[in-house]
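Following: one structure in structure tokens, then a few remarks.
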Amino acid sequence: MNVLILGIDGYIGFPLALRFLSMGYNVYGADNFYTRRRVKAVGSDTAIPINTMDIRLKKIREKTGKSITFFKGNVSNPQFMYDIIKKSSPDVIVHLAEQRSAPYSMIGLRQAIETLDNNINSTMNLIYAVKDIKRDAHIIKLGTMGEYGTPNIDIPEGFFNIEYHGRRDYLPFPRSGQSWYHLSKVHDTNNLMLATKIWGLTVTDVMQGVVYGTRTEELNEYKMTTRFDIDETYGTVLNRFASQAVLGMPLTVYGAGNQKRGFLSLEDSITCLSLIAEHPEPENYNVINQFDEYYSLNYLAEKVKEKYEEIYNKDVEISHIDDPRIELDDHYYNPEHKKLYELGFKSRVKLDDEIYNIMNDLNENRLRLLRLKDSIMPRTFWKS
Ligand SMILES: NC(=O)c1ccc[n+]([C@@H]2O[C@H](COP(=O)([O-])OP(=O)(O)OC[C@H]3O[C@@H](n4cnc5c(N)ncnc54)[C@H](O)[C@@H]3O)[C@@H](O)[C@H]2O)c1
């Protein structure tokens with residue numbers, strides 16, 4: 001089976017490529033190193049060092065005896081997208097290649113337009129290239145649980161039964177993104193849904209929760225690393241809390257801290273994506289909510305504090321600061337997530353174990369982490 005990963009140089013893309021190789025697939029990948037450049041442009045860097053793509057590919061060849069075919073280029077350029085679909089003739093395409101930071105999209109007009117352009121164009125290019133060249137390819141597109149927002153009712157997997165003024169229908173669940181980034185994903189969702197309806201494409205739209213962690217089975221086995229961002233723009237909450245603990249800083253919880261979100265470890269994220277790759281629903285638009293558990297920010301801060309104090313025997317402080325985002329900081333949250341379990345998913349890495357791994361890996365890179373310390377506190381405010 002030929003698998004093409006768009007965004008193969010990223011946090012999820014690189015370990016996913018190693019997983020697909022170990023499953024015996026022919027792996028192709030594309031990237032233009034956008035995230036490497038953007039994280040540096042906001043004054044930070046990956047807290048865990050990563051190799052260049054050339055060295056990554058060489059190490060993979062040495063360690064596995066297998067090769068990945070890499071295409072360097074921009075997937076929001078239609079010509080590039082058509083070329084790589086032709087050259088790789090993929091059975092499965094995992095589309096991860098988007099601007100993935102909500103705060104980055106809220107810095108100003110340029111960043112908002114850049115996010116919408118990059119994300120919507122790349123998905124539109126993919127839709128048209130697949131329709132024209134490889135119509136039976138299974139598109140696995142990474143969306144986010146943030147597309148749904150935090151409604152005061154349960155969140156289904158994509159669609160729900162609704163009765164209104166005495167009539168019933170089965171409709172897409174309302175999306176309510178809270179940044180331009182989230183809205184770019186909502187537009188992708190609508191575009192993919194329409195394309196499936198018109199041309200009978202095979203699409204799995206993955207509403208993914210927040211991913212945490214530094215390790216996967218293959219990264220451990222080959223002694224390789226994936227990027228790990230801790231700054232206010234690209235770093236996600238658990239990764240930032242762990243860095244603050246290691247740096248001896250207070251863990252800064254935004255607002256009241258009762259914001260709840262779905263989470264899963266990096267190992268579980270790539271396990272889910274590889275399971276989905278093996279279970280296409282031909283000519284169907286399928287939505288999967290991909291997370292393991294949901295937690296509040298307060299719970300996560302307490303967990304990191306507890307783990308750090310237990311392992312390193314040093315006190316950790318938790319402080320609440322003004323929320324830079326516009327979001328409810330105390331709300332109902334009950335998203336459904338049955339489909340992955342029906343496909344056979346079992347979580348292999350739990351929060352406590354992965355917090356331990358993250359702290360260990362950050363401690364090993366303490367000097368590097370110290371240099372990035374100033375990038376952790378919020379500088380991007382939704383209101384300004
Ligand atoms: N990491 C998370 O917690 C999380 C949660 C929910 C959804 N997602 C989604 O999953 C996907 C992957 O996330 P990630 O954390 O691995 O992000 P990442 O930024 O580390 O990886 C994305 C990769 O795509 C590349 N890329 C971006 N635009 C490109 C373009 N136009 N052409 C070629 N390459 C391009 C980047 O250089 C990067 O290597 C994203 O779409 C993200 O929105 C991530």
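Simple scheme: letters A, B, ... for chains in structure tokens order, numbers from 1 for residues in each chain, numbers from 1 for ligands in the order shown.
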
Could you build a table of the residues in chain A lying no more than 7 Å from ligand 1, giving for each the nearest pair of atoms and their separation in Å rounded to one decimal place, using only C-alpha atoms and all ligand atoms, ordered by chain and ascending residue number, as a Markdown table?
```
| residue | atom | partner | partner_atom_place_in_ligand_line | distance |
| --- | --- | --- | --- | --- |
| A:Leu6 | CA | ligand 1 | 34 (N) | 6.4 |
| A:Gly7 | CA | ligand 1 | 24 (O) | 3.3 |
| A:Ile8 | CA | ligand 1 | 39 (O) | 5.8 |
| A:Asp9 | CA | ligand 1 | 39 (O) | 4.0 |
| A:Gly10 | CA | ligand 1 | 21 (O) | 3.4 |
| A:Tyr11 | CA | ligand 1 | 16 (O) | 3.8 |
| A:Ile12 | CA | ligand 1 | 16 (O) | 3.8 |
| A:Gly13 | CA | ligand 1 | 16 (O) | 5.5 |
| A:Ala30 | CA | ligand 1 | 33 (C) | 6.1 |
| A:Asp31 | CA | ligand 1 | 34 (N) | 3.6 |
| A:Asn32 | CA | ligand 1 | 33 (C) | 4.2 |
| A:Phe33 | CA | ligand 1 | 37 (O) | 3.7 |
| A:Tyr34 | CA | ligand 1 | 37 (O) | 3.6 |
| A:Thr35 | CA | ligand 1 | 37 (O) | 4.1 |
| A:Arg36 | CA | ligand 1 | 37 (O) | 6.2 |
| A:Gly73 | CA | ligand 1 | 33 (C) | 5.7 |
| A:Asn74 | CA | ligand 1 | 32 (N) | 3.5 |
| A:Val75 | CA | ligand 1 | 32 (N) | 4.0 |
| A:Ser76 | CA | ligand 1 | 31 (N) | 4.7 |
| A:His95 | CA | ligand 1 | 41 (O) | 7.0 |
| A:Leu96 | CA | ligand 1 | 11 (C) | 3.9 |
| A:Ala97 | CA | ligand 1 | 24 (O) | 3.3 |
| A:Glu98 | CA | ligand 1 | 27 (C) | 4.1 |
| A:Gln99 | CA | ligand 1 | 27 (C) | 5.3 |
| A:Arg100 | CA | ligand 1 | 43 (O) | 3.9 |
| A:Asn118 | CA | ligand 1 | 31 (N) | 5.4 |
| A:Ser122 | CA | ligand 1 | 31 (N) | 6.3 |
| A:Leu142 | CA | ligand 1 | 10 (O) | 5.0 |
| A:Gly143 | CA | ligand 1 | 7 (C) | 5.5 |
| A:Thr144 | CA | ligand 1 | 6 (C) | 4.5 |
| A:Met145 | CA | ligand 1 | 6 (C) | 6.9 |
| A:Gln208 | CA | ligand 1 | 6 (C) | 4.4 |
| A:Gly209 | CA | ligand 1 | 6 (C) | 5.1 |
| A:Val210 | CA | ligand 1 | 3 (O) | 3.8 |
| A:Val211 | CA | ligand 1 | 3 (O) | 3.7 |
| A:Tyr212 | CA | ligand 1 | 3 (O) | 6.6 |
| A:Arg227 | CA | ligand 1 | 20 (O) | 6.8 |
| A:Thr236 | CA | ligand 1 | 3 (O) | 6.5 |
```

Can I get the selected residues back with N, CA, C and O atoms, as a short mmCIF file (atom, residue, chain, number, x, y, z; two decimals), in the first residue's frame?
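Contents of selection.cif, as written:
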```
data_model
loop_
_atom_site.label_atom_id
_atom_site.label_comp_id
_atom_site.auth_asym_id
_atom_site.auth_seq_id
_atom_site.Cartn_x
_atom_site.Cartn_y
_atom_site.Cartn_z
N LEU A 6 1.26 14.29 4.05
CA LEU A 6 1.49 15.72 3.82
C LEU A 6 1.78 16.33 5.20
O LEU A 6 0.95 16.24 6.10
N GLY A 7 2.98 16.91 5.34
CA GLY A 7 3.38 17.41 6.67
C GLY A 7 4.22 16.39 7.41
O GLY A 7 4.17 16.27 8.63
N ILE A 8 5.05 15.65 6.65
CA ILE A 8 5.82 14.52 7.23
C ILE A 8 6.93 14.99 8.19
O ILE A 8 7.43 14.20 8.99
N ASP A 9 7.32 16.28 8.11
CA ASP A 9 8.39 16.76 9.00
C ASP A 9 7.85 17.18 10.37
O ASP A 9 8.61 17.55 11.25
N GLY A 10 6.52 17.13 10.56
CA GLY A 10 5.93 17.72 11.77
C GLY A 10 5.94 16.79 12.98
O GLY A 10 6.38 15.64 12.92
N TYR A 11 5.40 17.32 14.06
CA TYR A 11 5.32 16.64 15.36
C TYR A 11 4.66 15.26 15.21
O TYR A 11 5.19 14.25 15.71
N ILE A 12 3.53 15.21 14.50
CA ILE A 12 2.83 13.93 14.32
C ILE A 12 3.32 13.22 13.06
O ILE A 12 3.46 11.99 13.04
N GLY A 13 3.61 13.99 12.00
CA GLY A 13 3.95 13.40 10.71
C GLY A 13 5.16 12.49 10.75
O GLY A 13 5.16 11.40 10.16
N ALA A 30 5.59 14.80 2.09
CA ALA A 30 5.87 16.14 1.57
C ALA A 30 5.90 17.13 2.73
O ALA A 30 5.18 16.96 3.73
N ASP A 31 6.74 18.13 2.59
CA ASP A 31 6.80 19.20 3.60
C ASP A 31 7.60 20.37 3.02
O ASP A 31 8.47 20.16 2.17
N ASN A 32 7.28 21.59 3.47
CA ASN A 32 8.11 22.73 3.07
C ASN A 32 8.78 23.38 4.30
O ASN A 32 9.24 24.51 4.22
N PHE A 33 8.79 22.66 5.43
CA PHE A 33 9.45 23.10 6.67
C PHE A 33 8.85 24.40 7.21
O PHE A 33 9.53 25.18 7.88
N TYR A 34 7.59 24.61 6.91
CA TYR A 34 6.86 25.79 7.36
C TYR A 34 6.91 25.93 8.89
O TYR A 34 7.19 27.01 9.42
N THR A 35 6.63 24.83 9.60
CA THR A 35 6.58 24.93 11.07
C THR A 35 7.96 25.26 11.65
O THR A 35 8.07 26.08 12.56
N ARG A 36 9.02 24.64 11.10
CA ARG A 36 10.37 24.98 11.59
C ARG A 36 10.57 26.49 11.50
O ARG A 36 11.09 27.12 12.43
N GLY A 73 8.28 20.79 -0.81
CA GLY A 73 7.48 21.78 -1.52
C GLY A 73 6.23 22.16 -0.74
O GLY A 73 5.94 21.60 0.33
N ASN A 74 5.50 23.10 -1.33
CA ASN A 74 4.36 23.72 -0.66
C ASN A 74 3.05 23.11 -1.18
O ASN A 74 2.72 23.28 -2.35
N VAL A 75 2.31 22.45 -0.30
CA VAL A 75 1.08 21.79 -0.76
C VAL A 75 -0.06 22.78 -1.02
O VAL A 75 -1.10 22.40 -1.54
N SER A 76 0.14 24.06 -0.67
CA SER A 76 -0.89 25.03 -1.05
C SER A 76 -0.63 25.56 -2.48
O SER A 76 -1.37 26.41 -2.97
N HIS A 95 -3.40 14.08 5.57
CA HIS A 95 -3.13 15.51 5.39
C HIS A 95 -2.98 16.21 6.74
O HIS A 95 -3.96 16.50 7.43
N LEU A 96 -1.70 16.46 7.09
CA LEU A 96 -1.37 17.14 8.35
C LEU A 96 -0.80 18.53 8.08
O LEU A 96 -0.50 19.27 9.02
N ALA A 97 -0.59 18.86 6.78
CA ALA A 97 0.24 20.02 6.42
C ALA A 97 -0.54 21.33 6.49
O ALA A 97 -0.86 21.93 5.47
N GLU A 98 -0.84 21.75 7.70
CA GLU A 98 -1.53 23.03 7.85
C GLU A 98 -0.85 23.87 8.93
O GLU A 98 -0.05 23.36 9.72
N GLN A 99 -1.16 25.17 8.92
CA GLN A 99 -0.70 26.05 10.00
C GLN A 99 -1.50 25.63 11.22
O GLN A 99 -2.72 25.74 11.23
N ARG A 100 -0.87 25.16 12.28
CA ARG A 100 -1.64 24.49 13.32
C ARG A 100 -1.72 25.24 14.67
O ARG A 100 -2.02 24.64 15.70
N ASN A 118 -3.26 29.09 3.66
CA ASN A 118 -2.47 27.86 3.69
C ASN A 118 -3.38 26.64 3.88
O ASN A 118 -3.29 25.65 3.16
N SER A 122 -4.57 24.24 0.74
CA SER A 122 -3.95 22.91 0.68
C SER A 122 -5.03 21.83 0.60
O SER A 122 -4.90 20.88 -0.17
N LEU A 142 -6.69 15.95 8.99
CA LEU A 142 -6.67 16.31 10.40
C LEU A 142 -7.41 17.61 10.65
O LEU A 142 -6.96 18.68 10.23
N GLY A 143 -8.57 17.47 11.30
CA GLY A 143 -9.28 18.62 11.83
C GLY A 143 -9.00 18.70 13.32
O GLY A 143 -8.02 18.11 13.80
N THR A 144 -9.83 19.39 14.06
CA THR A 144 -9.60 19.52 15.50
C THR A 144 -10.93 19.49 16.26
O THR A 144 -11.96 19.95 15.75
N MET A 145 -10.88 18.96 17.49
CA MET A 145 -12.07 19.00 18.34
C MET A 145 -12.51 20.44 18.57
O MET A 145 -13.68 20.70 18.87
N GLN A 208 -9.42 15.95 16.02
CA GLN A 208 -8.43 15.47 16.99
C GLN A 208 -8.38 16.37 18.23
O GLN A 208 -8.46 17.60 18.13
N GLY A 209 -8.20 15.74 19.39
CA GLY A 209 -7.97 16.49 20.63
C GLY A 209 -6.52 16.95 20.68
O GLY A 209 -5.75 16.77 19.73
N VAL A 210 -6.14 17.52 21.81
CA VAL A 210 -4.79 18.05 21.96
C VAL A 210 -3.83 16.87 22.19
O VAL A 210 -4.09 16.01 23.03
N VAL A 211 -2.73 16.88 21.44
CA VAL A 211 -1.77 15.77 21.54
C VAL A 211 -0.63 16.18 22.47
O VAL A 211 -0.15 17.31 22.41
N TYR A 212 -0.20 15.25 23.34
CA TYR A 212 0.92 15.55 24.24
C TYR A 212 1.94 14.41 24.17
O TYR A 212 1.60 13.28 23.78
N ARG A 227 9.65 16.97 16.87
CA ARG A 227 9.70 18.31 17.43
C ARG A 227 8.81 18.39 18.68
O ARG A 227 7.83 17.63 18.81
N THR A 236 1.39 23.41 23.13
CA THR A 236 0.05 23.14 23.70
C THR A 236 0.16 23.02 25.21
O THR A 236 1.26 22.92 25.76
#
```

task = Pick out the residues sitting within 9 Å of A:Lys185, and hand them over as a ChimeraX atom specification; count only C-alpha atoms, and ignore anything fewer than 3 positions along from it in its own chain.
result = /A:116,119-120,142-144,146-147,177,180-182,188-190

Leaving out A:Trp199 and any residue of its chain fewer than 5 positions from it, which residues lie within 9 Å of it when counting only C-alpha atoms, given as a PDB file with N, CA and C atoms, in the first residue's frame?
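Wrote part-v3.pdb, looks like this:
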```pdb
ATOM      1  N   LYS A 131      -9.530  13.928  -6.940  1.00  0.00           N
ATOM      2  CA  LYS A 131     -10.633  13.740  -7.902  1.00  0.00           C
ATOM      3  C   LYS A 131     -10.085  13.506  -9.312  1.00  0.00           C
ATOM      4  N   ARG A 135      -8.980   8.883  -7.694  1.00  0.00           N
ATOM      5  CA  ARG A 135     -10.257   9.120  -7.028  1.00  0.00           C
ATOM      6  C   ARG A 135     -10.563   8.136  -5.898  1.00  0.00           C
ATOM      7  N   LEU A 194     -18.635  18.521   0.886  1.00  0.00           N
ATOM      8  CA  LEU A 194     -19.228  18.796  -0.428  1.00  0.00           C
ATOM      9  C   LEU A 194     -18.549  17.935  -1.508  1.00  0.00           C
ATOM     10  N   GLU A 283     -16.211   5.984  -0.610  1.00  0.00           N
ATOM     11  CA  GLU A 283     -17.149   6.992  -1.121  1.00  0.00           C
ATOM     12  C   GLU A 283     -18.032   7.595  -0.021  1.00  0.00           C
TER      13      GLU A 283
END
```

query = Out of stretch 74-131 of chain A, which residues get alpha helix (DSSP H) from DSSP, as a ChimeraX atom specification?
reply = /A:78-88,102-105,109-131

message = Give me the residues near A:Asn125 as a list in words, where near means some atom within 8 Å (using only C-alpha atoms) and where sequence neighbours in that chain fewer than 4 positions away do not count.
response =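 Final neighbour list, sorted by chain and number: Val75, Ser76, Asn77, Pro78, Met81, Tyr82, Asn121 and Ala129 of chain A.
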
Just-selected residues, N, CA, C and O atoms written as a compact mmCIF listing (two decimals), in the first residue's frame:
```txt
# COMPACT_ATOMS: atom_id res chain seq x y z
N VAL A 75 2.31 22.45 -0.30
CA VAL A 75 1.08 21.79 -0.76
C VAL A 75 -0.06 22.78 -1.02
O VAL A 75 -1.10 22.40 -1.54
N SER A 76 0.14 24.06 -0.67
CA SER A 76 -0.89 25.03 -1.05
C SER A 76 -0.63 25.56 -2.48
O SER A 76 -1.37 26.41 -2.97
N ASN A 77 0.40 25.01 -3.13
CA ASN A 77 0.64 25.27 -4.56
C ASN A 77 0.02 24.11 -5.35
O ASN A 77 0.46 22.96 -5.21
N PRO A 78 -1.00 24.38 -6.18
CA PRO A 78 -1.71 23.27 -6.85
C PRO A 78 -0.81 22.39 -7.71
O PRO A 78 -0.96 21.17 -7.73
N MET A 81 0.99 19.93 -5.60
CA MET A 81 0.08 18.87 -5.11
C MET A 81 -0.23 17.86 -6.21
O MET A 81 -0.17 16.65 -6.00
N TYR A 82 -0.53 18.35 -7.42
CA TYR A 82 -0.82 17.43 -8.53
C TYR A 82 0.38 16.53 -8.81
O TYR A 82 0.24 15.33 -9.03
N ASN A 121 -6.44 26.35 1.08
CA ASN A 121 -5.90 26.04 -0.25
C ASN A 121 -5.30 24.63 -0.31
O ASN A 121 -5.48 23.92 -1.30
N ALA A 129 -6.88 17.32 -6.74
CA ALA A 129 -5.85 16.40 -7.26
C ALA A 129 -6.33 14.96 -7.12
O ALA A 129 -6.15 14.14 -8.04
```

query = Counting only C-alpha atoms, which of A:Glu218, A:Glu281, A:Glu310, A:Asp83 gets nearest to A:Arg19?
reply = A:Glu218

inquiry  = Just checking: using only C-alpha atoms, which residue out of A:Ser269, A:Asn161, A:Ser176, A:Asn26 ends up closest to A:Phe70?
reply    =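 Closest candidate: A:Asn26.
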
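With distances restricted to only C-alpha atoms, A:Arg56 is the closest residue to A:Leu219 from A:Lys383, A:Arg56, A:Asp117, A:Leu370.
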
From A:Cys272, A:Leu238, A:Met23, A:Leu126, residue lying nearest A:Gly213 [only C-alpha atoms] =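 Closest candidate: A:Leu238.
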
request  = Determine which residues of stretch 171-313 of chain A receive a DSSP assignment of strand (DSSP E or B), computed from the backbone, and state them as a PyMOL selection string.
outcome  = chain A and resi 171-172+202-208+210-212+251-254+258+260-265+285-290+293-296
